[in-house]
Each structure stands twice: as C-alpha cells, then as structure tokens.
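The structure appears right after this line, and notes come after that.
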Amino acid sequence: MLPVVVVHGGAGVVSQERKEEATMGVCAAVRAGYAIVRGGGSSLDAVVEAVTLMEDNPIFNAGHGSVLNIAGDVEMDAIVMDGKTLASGAVSCVRNIANPVQLARLVMDKTSHLCLSGDGAGRFARSMCVPEVPQESLITEFARMRWRQNLLPEADPVENQLGKTGTVGAVAVDSEGNVACATSTGGIMNKMEGRVGDAPCIGCGGYADNNIGAVSPTGHGEAIMKVCLSRLILFHMEQGQSVEAASDSGLAYMKSRVGVVGGVGGVVTVDPRGGWAARFSTKQMSWAAAQDDTLHHGLEAGEHFTQSISDPH
C-alpha cells in the first residue's frame with residue numbers, strides 16, 4: 001500500500017479544449033512526487049515537488065497561470081504541512097515568486113512562524129535568496145482575458161471561478177508512514193487586493209497528522225474556511241470513517257451550510273496506511289494518484305482510469 005501520492009488540479013468545470021492539458025498536468029505532477037517516495041524520499045519532499053510542477057504549468061491557477069486580482073496583478077497563497085511533527089509553513093499575498101509552495105517550505109524550515117504575508121514574505125524570500133520574477137512572467141493571456149470579462153458590471157467572479165480550473169494540491173504517505181500535504185493557489189478571479197483565501201490557513205487549505213491522515217482541498221476559499229474543511233474531514237476519519245466517506249461527509253457539510261454556489265469543491269485525502277481518495281462535489285476535478293507502481297487518474301464524476309506508472313501515455 002505504501003507509498004502513495006495523490007494530487008488535484010482544481011475543482012470546477014474544465015473546458016473541452018483544456019481537459020487533456022489538465023489531465024496531463026496532474027499525471028506529470030503525481031509521477032514526480034511518486035518517484036521521490038518510491039525512492040525512499042519523504043512525503044513532504046514529494047508533495048512540494050508535485051505542487052511545484054503544477055505551479056510551473058500555466059494550465060493551473062497557481063504560480064505561472066494564477067488568476068488576477070481586481071487591479072490585474074498576481075497575489076498567491078500556499079501551505080505545506082508535515083504530519084510527523086505538525087510543522088507547517090505558509091505564505092499569503094505573495095508577488096513575484098514563481099513557486100510559492102517552495103517559499104512556504106522555507107517558512108516552515110527557517111522560521112519559528114507558520115505564515116508570512118505580503119511584503120514581509122517578500123523580504124523573507126529575498127533573505128533566503130529566492131529569485132524574484134516579473135509579474136508579467138506569471139500572467140497568461142487566458143488569465144488576462146478572464147480578468148477583463150469579470151470587470152463587466154454583470155459578472156460574478158465567484159460563480160465564474162467555479163467554472164474554471166483552480167487551486168492545486170497534493171497529499172502523500174511515504175514508506176515510513178509519514179503523511180504530508182501542500183496546497184497552492186492564485187486565489188479567486190478579480191479578488192480585492194490583499195484578499196487571503198483558505199490555502200495558507202492551517203486546517204482549512206490543508207492539514208496533515210500522522211495519527212490521522214492528510215487533506216488538500218480546492219474550491220471557494222471563503223466556504224472552505226467557514227467549515228475548516230481539511231480538519232473537518234480528518235475529524236470524520238478520527239471517528240472511524242474511511243478516507244472516501246470522510247471526504248464526502250466534509251464536502252456534503254460544506255455544501256449544505258454554504259450553498260450550491262460557492263459551497264462546492266473537492267479534496268484529495270490519504271490515511272497513514274495508504275488509503276486514499278479524490279472526491280469532489282463540482283462537475284469535474286482533475287486528479288491523479290500513484291500507488292503500487294500504478295497510475296490512477298480522472299476528471300469527470302465517477303471516472304477512474306488506471307495504467308502502469310511506467311507507461312508514458
């Protein structure tokens with residue numbers, strides 16, 4: 001059963017022309033993470049590597065490809081958490097950073113804090129010799145087009161966000177049974193400057209505890225924060241529910257309390273024994289998992305394809 005890595009590329013509706021790219025993106029990310037744990041590496045290294053690849057992929061709303069705020073700029077959030085020690089690091093509202101998940105890892109490893117934000121996170125990045133990149137290098141034409149559409153008076157950025165590929169995340173269990181999670185996002189389209197979503201908030205945008213498991217969610221950040229979705233799912237697992245049942249319970253509760261618009265989303269979840277789930281209440285969520293040298297992936301509700309991890313296609 002061990003090790004295992006599971007990733008998601010965001011919940012919502014993936015347009016027909018972007019389905020193949022989204023599927024290829026999550027499969028490439030899970031292969032990279034799985035190679036680390038299969039070689040004896042840590043679950044933490046695996047989730048950071050998987051999310052880094054998705055941040056570098058312009059198809060996803062994280063890193064290069066992030067959505068734009070109301071001013072037309074990129075502000076990003078990310079978190080990492082180590083289930084062995086409960087150590088965690090996060091960043092919010094960061095600019096000019098290609099890989100916020102790696103900066104979050106540095107916050108965990110090099111500071112006594114759990115989260116750094118905005119200008120302070122930027123100064124910390126410079127002190128760690130993290131290279132700055134131009135804002136323009138993070139902005140795709142697709143993101144700019146969506147930003148312009150949502151400037152129209154009749155636009156609803158929250159509802160429109162759920163119709164696009166979103167937040168990325170990963171969970172993993174290594175050969176020693178240690179769990180970890182990582183989540184990264186550009187946030188929601190046309191958000192106010194300085195808005196912080198669920199991603200950098202421990203218990204909301206991710207949680208990992210060797211005694212229970214690990215979760216990385218995707219959806220509307222304000223809804224996820226209202227129910228502390230990641231920790232809620234692990235609470236259900238503590239009560240004896242399976243990873244799949246607990247994931248469904250958490251998503252159902254969020255939908256019932258917040259509503260259909262804004263209250264839907266998705267999660268990837270693992271337990272320390274190697275049980276895993278990729279569940280969502282939206283129309284689609286790109287996801288992939290690797291376990292026992294087998295690659296699993298899907299996009300539509302109920303879809304589950306498998307192939308050998310060594311098969312490149």
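Going through the structure tokens in order, the chains are called A, B, and so on, while each chain numbers its residues from 1 and the ligands are numbered from 1 in the order shown.
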
Give me the region 163-245 of chain A side of the contact with region 279-294 of chain A, cut-off 12 Å, one line per residue showing its nearest atom pair and distance in Å at one decimal, counting only C-alpha atoms, sorted by chain and residue number, as a Markdown table.
| residue | atom | partner | partner_atom | distance |
| --- | --- | --- | --- | --- |
| A:Gly163 | CA | A:Lys283 | CA | 8.8 |
| A:Lys164 | CA | A:Gln284 | CA | 9.7 |
| A:Thr165 | CA | A:Met285 | CA | 7.9 |
| A:Gly166 | CA | A:Met285 | CA | 9.0 |
| A:Thr167 | CA | A:Met285 | CA | 10.4 |
| A:Val168 | CA | A:Ser286 | CA | 9.5 |
| A:Gly169 | CA | A:Trp287 | CA | 9.5 |
| A:Ala170 | CA | A:Ala289 | CA | 9.4 |
| A:Val171 | CA | A:Ala289 | CA | 9.5 |
| A:Ala172 | CA | A:Ala289 | CA | 9.4 |
| A:Val173 | CA | A:Gln291 | CA | 10.0 |
| A:Asp174 | CA | A:Gln291 | CA | 10.6 |
| A:Ser175 | CA | A:Gln291 | CA | 11.2 |
| A:Val215 | CA | A:Arg279 | CA | 11.0 |
| A:Ser216 | CA | A:Arg279 | CA | 10.9 |
| A:Pro217 | CA | A:Phe280 | CA | 9.3 |
| A:Thr218 | CA | A:Phe280 | CA | 8.8 |
| A:Gly219 | CA | A:Thr282 | CA | 8.8 |
| A:His220 | CA | A:Thr282 | CA | 11.2 |
| A:Ile233 | CA | A:Arg279 | CA | 11.6 |
| A:Val243 | CA | A:Arg279 | CA | 9.6 |
| A:Glu244 | CA | A:Arg279 | CA | 7.2 |
| A:Ala245 | CA | A:Arg279 | CA | 9.4 |

Inset, instruction - Please return as a PyMOL selection string: the residues of region 120-158 of chain A that backbone DSSP assigns to alpha helix (DSSP H). - result: chain A and resi 120-127+141-149+157-158

Can I get the selection written as a short mmCIF file (atom, residue, chain, number, x, y, z; two decimals), in the first residue's frame, with all heavy atoms?
data_model
loop_
_atom_site.label_atom_id
_atom_site.label_comp_id
_atom_site.auth_asym_id
_atom_site.auth_seq_id
_atom_site.Cartn_x
_atom_site.Cartn_y
_atom_site.Cartn_z
N GLY A 120 6.24 41.31 3.93
CA GLY A 120 7.11 40.56 4.84
C GLY A 120 7.56 39.25 4.24
O GLY A 120 8.73 38.85 4.39
N ALA A 121 6.64 38.57 3.55
CA ALA A 121 7.01 37.33 2.87
C ALA A 121 8.01 37.60 1.76
O ALA A 121 8.94 36.82 1.54
CB ALA A 121 5.77 36.65 2.30
N GLY A 122 7.84 38.73 1.08
CA GLY A 122 8.77 39.10 0.03
C GLY A 122 10.17 39.38 0.56
O GLY A 122 11.17 38.95 -0.04
N ARG A 123 10.24 40.09 1.69
CA ARG A 123 11.56 40.35 2.29
C ARG A 123 12.22 39.06 2.75
O ARG A 123 13.43 38.86 2.60
CB ARG A 123 11.41 41.33 3.45
CG ARG A 123 11.14 42.76 3.03
CD ARG A 123 11.29 43.72 4.18
NE ARG A 123 10.23 43.54 5.18
CZ ARG A 123 9.05 44.15 5.14
NH1 ARG A 123 8.76 44.98 4.13
NH2 ARG A 123 8.15 43.94 6.08
N PHE A 124 11.40 38.15 3.31
CA PHE A 124 11.95 36.86 3.74
C PHE A 124 12.48 36.09 2.53
O PHE A 124 13.56 35.48 2.59
CB PHE A 124 10.87 36.05 4.45
CG PHE A 124 11.26 34.63 4.74
CD1 PHE A 124 12.23 34.35 5.68
CD2 PHE A 124 10.66 33.57 4.06
CE1 PHE A 124 12.62 33.04 5.95
CE2 PHE A 124 11.03 32.26 4.32
CZ PHE A 124 12.01 31.99 5.27
N ALA A 125 11.74 36.12 1.42
CA ALA A 125 12.18 35.43 0.21
C ALA A 125 13.54 35.96 -0.24
O ALA A 125 14.44 35.18 -0.59
CB ALA A 125 11.15 35.58 -0.90
N ARG A 126 13.69 37.27 -0.23
CA ARG A 126 14.98 37.85 -0.64
C ARG A 126 16.09 37.45 0.31
O ARG A 126 17.23 37.19 -0.12
CB ARG A 126 14.85 39.37 -0.74
CG ARG A 126 13.99 39.83 -1.92
CD ARG A 126 14.06 41.32 -2.13
NE ARG A 126 13.38 42.07 -1.07
CZ ARG A 126 12.09 42.34 -1.05
NH1 ARG A 126 11.31 41.91 -2.04
NH2 ARG A 126 11.55 43.04 -0.07
N SER A 127 15.78 37.37 1.61
CA SER A 127 16.80 36.97 2.58
C SER A 127 17.23 35.53 2.39
O SER A 127 18.34 35.14 2.77
CB SER A 127 16.29 37.18 4.01
OG SER A 127 15.36 36.16 4.38
N GLU A 141 -2.25 34.85 -21.08
CA GLU A 141 -3.29 35.55 -21.83
C GLU A 141 -4.68 35.09 -21.40
O GLU A 141 -5.64 35.86 -21.38
CB GLU A 141 -3.09 35.34 -23.34
CG GLU A 141 -2.01 36.20 -23.94
CD GLU A 141 -2.24 37.69 -23.68
OE1 GLU A 141 -3.36 38.17 -23.90
OE2 GLU A 141 -1.29 38.36 -23.23
N PHE A 142 -4.79 33.81 -21.05
CA PHE A 142 -6.06 33.27 -20.59
C PHE A 142 -6.50 33.96 -19.30
O PHE A 142 -7.66 34.34 -19.13
CB PHE A 142 -5.93 31.76 -20.36
CG PHE A 142 -7.21 31.06 -20.00
CD1 PHE A 142 -8.25 30.96 -20.90
CD2 PHE A 142 -7.37 30.48 -18.74
CE1 PHE A 142 -9.43 30.31 -20.57
CE2 PHE A 142 -8.54 29.83 -18.40
CZ PHE A 142 -9.58 29.74 -19.32
N ALA A 143 -5.56 34.14 -18.36
CA ALA A 143 -5.88 34.82 -17.10
C ALA A 143 -6.28 36.26 -17.34
O ALA A 143 -7.21 36.78 -16.71
CB ALA A 143 -4.69 34.74 -16.15
N ARG A 144 -5.57 36.93 -18.25
CA ARG A 144 -5.90 38.33 -18.52
C ARG A 144 -7.27 38.45 -19.19
O ARG A 144 -8.04 39.37 -18.89
CB ARG A 144 -4.82 38.95 -19.41
CG ARG A 144 -4.83 40.47 -19.37
CD ARG A 144 -3.68 41.06 -20.18
NE ARG A 144 -2.38 40.78 -19.60
CZ ARG A 144 -1.88 41.42 -18.55
NH1 ARG A 144 -2.60 42.35 -17.95
NH2 ARG A 144 -0.68 41.13 -18.11
N MET A 145 -7.60 37.53 -20.06
CA MET A 145 -8.91 37.53 -20.71
C MET A 145 -10.02 37.35 -19.67
O MET A 145 -11.03 38.06 -19.69
CB MET A 145 -8.96 36.43 -21.77
CG MET A 145 -10.29 36.26 -22.46
SD MET A 145 -11.39 35.06 -21.65
CE MET A 145 -10.50 33.54 -21.98
N ARG A 146 -9.84 36.41 -18.74
CA ARG A 146 -10.85 36.19 -17.71
C ARG A 146 -10.98 37.40 -16.79
O ARG A 146 -12.08 37.74 -16.34
CB ARG A 146 -10.48 34.94 -16.90
CG ARG A 146 -10.57 33.65 -17.69
CD ARG A 146 -9.79 32.53 -17.05
NE ARG A 146 -10.35 32.12 -15.78
CZ ARG A 146 -9.72 31.29 -14.94
NH1 ARG A 146 -8.55 30.80 -15.25
NH2 ARG A 146 -10.28 30.97 -13.79
N TRP A 147 -9.86 38.06 -16.51
CA TRP A 147 -9.89 39.26 -15.68
C TRP A 147 -10.73 40.35 -16.34
O TRP A 147 -11.58 40.97 -15.69
CB TRP A 147 -8.45 39.73 -15.47
CG TRP A 147 -8.31 41.08 -14.81
CD1 TRP A 147 -8.59 41.39 -13.51
CD2 TRP A 147 -7.86 42.29 -15.43
NE1 TRP A 147 -8.34 42.72 -13.28
CE2 TRP A 147 -7.88 43.30 -14.44
CE3 TRP A 147 -7.42 42.61 -16.71
CZ2 TRP A 147 -7.49 44.61 -14.70
CZ3 TRP A 147 -7.02 43.92 -16.97
CH2 TRP A 147 -7.06 44.90 -15.98
N ARG A 148 -10.52 40.56 -17.63
CA ARG A 148 -11.30 41.57 -18.35
C ARG A 148 -12.78 41.23 -18.35
O ARG A 148 -13.64 42.10 -18.14
CB ARG A 148 -10.80 41.69 -19.80
CG ARG A 148 -9.40 42.28 -19.94
CD ARG A 148 -9.15 42.67 -21.38
NE ARG A 148 -7.75 43.06 -21.59
CZ ARG A 148 -6.82 42.27 -22.10
NH1 ARG A 148 -7.14 41.02 -22.47
NH2 ARG A 148 -5.60 42.70 -22.28
N GLN A 149 -13.12 39.97 -18.57
CA GLN A 149 -14.53 39.55 -18.57
C GLN A 149 -15.19 39.84 -17.23
O GLN A 149 -16.35 40.24 -17.17
CB GLN A 149 -14.63 38.06 -18.88
CG GLN A 149 -14.31 37.69 -20.32
CD GLN A 149 -14.36 36.18 -20.55
OE1 GLN A 149 -14.28 35.39 -19.61
NE2 GLN A 149 -14.48 35.78 -21.80
N PRO A 157 -17.61 36.98 -10.32
CA PRO A 157 -16.34 36.25 -10.28
C PRO A 157 -16.38 34.96 -9.47
O PRO A 157 -15.70 34.00 -9.80
CB PRO A 157 -15.37 37.27 -9.66
CG PRO A 157 -15.98 38.60 -9.97
CD PRO A 157 -17.47 38.37 -9.91
N VAL A 158 -17.17 34.94 -8.39
CA VAL A 158 -17.24 33.74 -7.55
C VAL A 158 -17.86 32.59 -8.33
O VAL A 158 -17.33 31.47 -8.38
CB VAL A 158 -18.03 33.99 -6.25
CG1 VAL A 158 -18.24 32.69 -5.49
CG2 VAL A 158 -17.29 35.00 -5.39
#

Inset, instruction - Fewer than 4 positions away in the same chain doesn't count, so skip those; otherwise give me all residues within 12 Å of Gly206 (chain A), counting only C-alpha atoms, as JSON, numbers by chain. - result: {"A": [47, 77, 78, 79, 80, 81, 82, 83, 86, 88, 89, 90, 167, 168, 169, 170, 171, 179, 180, 181, 182, 183, 184, 197, 198, 199, 200, 201, 202, 213, 214, 215, 216, 217, 218, 221, 224, 225, 228, 229, 230, 231, 232, 233, 234, 267, 268, 269, 270]}

Legend entry - Which of region 89-284 of chain A DSSP labels strand (DSSP E), written as a PyMOL selection string: chain A and resi 89-94+115-117+168-173+179-185+207-209+213-219+265-270+276-280+284

Legend entry - Exercise: Ala223 (chain A) partners within 7 Å, only C-alpha atoms, chain neighbours under 5 positions left out, as a list in words: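 Final neighbour list, sorted by chain and number: Met254, Val258, Gly262 and Gly263 of chain A.
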
Legend entry - Residue neighbourhood Pro131 (chain A), 10 Å, only C-alpha atoms, exclusion window fewer than 3 positions, as a PyMOL selection string: chain A and resi 96-99+125-126+128

Output for the residues just chosen: N, CA, C and O atoms as a short mmCIF file (atom, residue, chain, number, x, y, z; two decimals), in the first residue's frame:
data_model
loop_
_atom_site.label_atom_id
_atom_site.label_comp_id
_atom_site.auth_asym_id
_atom_site.auth_seq_id
_atom_site.Cartn_x
_atom_site.Cartn_y
_atom_site.Cartn_z
N ASN A 96 5.60 38.11 -7.37
CA ASN A 96 6.93 37.99 -7.99
C ASN A 96 7.70 36.76 -7.54
O ASN A 96 8.93 36.74 -7.56
N ILE A 97 6.97 35.71 -7.14
CA ILE A 97 7.59 34.45 -6.73
C ILE A 97 7.05 33.35 -7.64
O ILE A 97 5.84 33.16 -7.73
N ALA A 98 7.94 32.62 -8.30
CA ALA A 98 7.49 31.60 -9.26
C ALA A 98 6.86 30.41 -8.55
O ALA A 98 5.90 29.81 -9.06
N ASN A 99 7.39 30.05 -7.37
CA ASN A 99 6.92 28.84 -6.68
C ASN A 99 6.63 29.13 -5.21
O ASN A 99 7.46 28.86 -4.33
N ALA A 125 11.74 36.12 1.42
CA ALA A 125 12.18 35.43 0.21
C ALA A 125 13.54 35.96 -0.24
O ALA A 125 14.44 35.18 -0.59
N ARG A 126 13.69 37.27 -0.23
CA ARG A 126 14.98 37.85 -0.64
C ARG A 126 16.09 37.45 0.31
O ARG A 126 17.23 37.19 -0.12
N MET A 128 16.36 34.73 1.80
CA MET A 128 16.65 33.32 1.51
C MET A 128 17.19 33.13 0.09
O MET A 128 17.33 32.00 -0.38
#

Inset, instruction - Report the distance between CA of Pro58 (chain A) and CA of Lys191 (chain A) in Å, rounded to one decimal place. - result: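 Those two atoms sit 19.5 Å apart.
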
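Distances from A:Pro3, A:Gly72, A:Gly9, A:Gly65 to Gly298 (chain A) were compared using only C-alpha atoms, and the smallest one belongs to A:Gly9.
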
Legend entry - Residue contacts of Glu55 (chain A) (6 Å, only C-alpha atoms) excluding same-chain residues fewer than 4 positions away, as a list of chain:residue names: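 Those residues are A:Ala62, A:Gly63, A:His64.
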
Can those selected residues be exported to a file as a short mmCIF file (atom, residue, chain, number, x, y, z; two decimals), in the first residue's frame so that it contains all heavy atoms?
data_model
loop_
_atom_site.label_atom_id
_atom_site.label_comp_id
_atom_site.auth_asym_id
_atom_site.auth_seq_id
_atom_site.Cartn_x
_atom_site.Cartn_y
_atom_site.Cartn_z
N ALA A 62 -2.19 28.60 -10.20
CA ALA A 62 -1.15 28.63 -9.17
C ALA A 62 0.15 28.98 -9.86
O ALA A 62 0.39 28.53 -10.99
CB ALA A 62 -1.02 27.26 -8.48
N GLY A 63 1.00 29.77 -9.20
CA GLY A 63 2.25 30.14 -9.83
C GLY A 63 2.01 30.76 -11.19
O GLY A 63 1.21 31.69 -11.35
N HIS A 64 2.69 30.26 -12.21
CA HIS A 64 2.51 30.73 -13.58
C HIS A 64 1.16 30.23 -14.08
O HIS A 64 0.97 29.03 -14.28
CB HIS A 64 3.63 30.19 -14.46
CG HIS A 64 3.51 30.57 -15.90
ND1 HIS A 64 3.44 31.87 -16.32
CD2 HIS A 64 3.44 29.82 -17.03
CE1 HIS A 64 3.34 31.91 -17.64
NE2 HIS A 64 3.33 30.66 -18.09
#

Legend entry - Nearest-residue call for Pro134 (chain A), choices A:Thr85, A:Thr306, A:Val26, A:Asp73, using only C-alpha atoms: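 Residue with the minimum atom-to-atom distance to Pro134 (chain A): A:Asp73.
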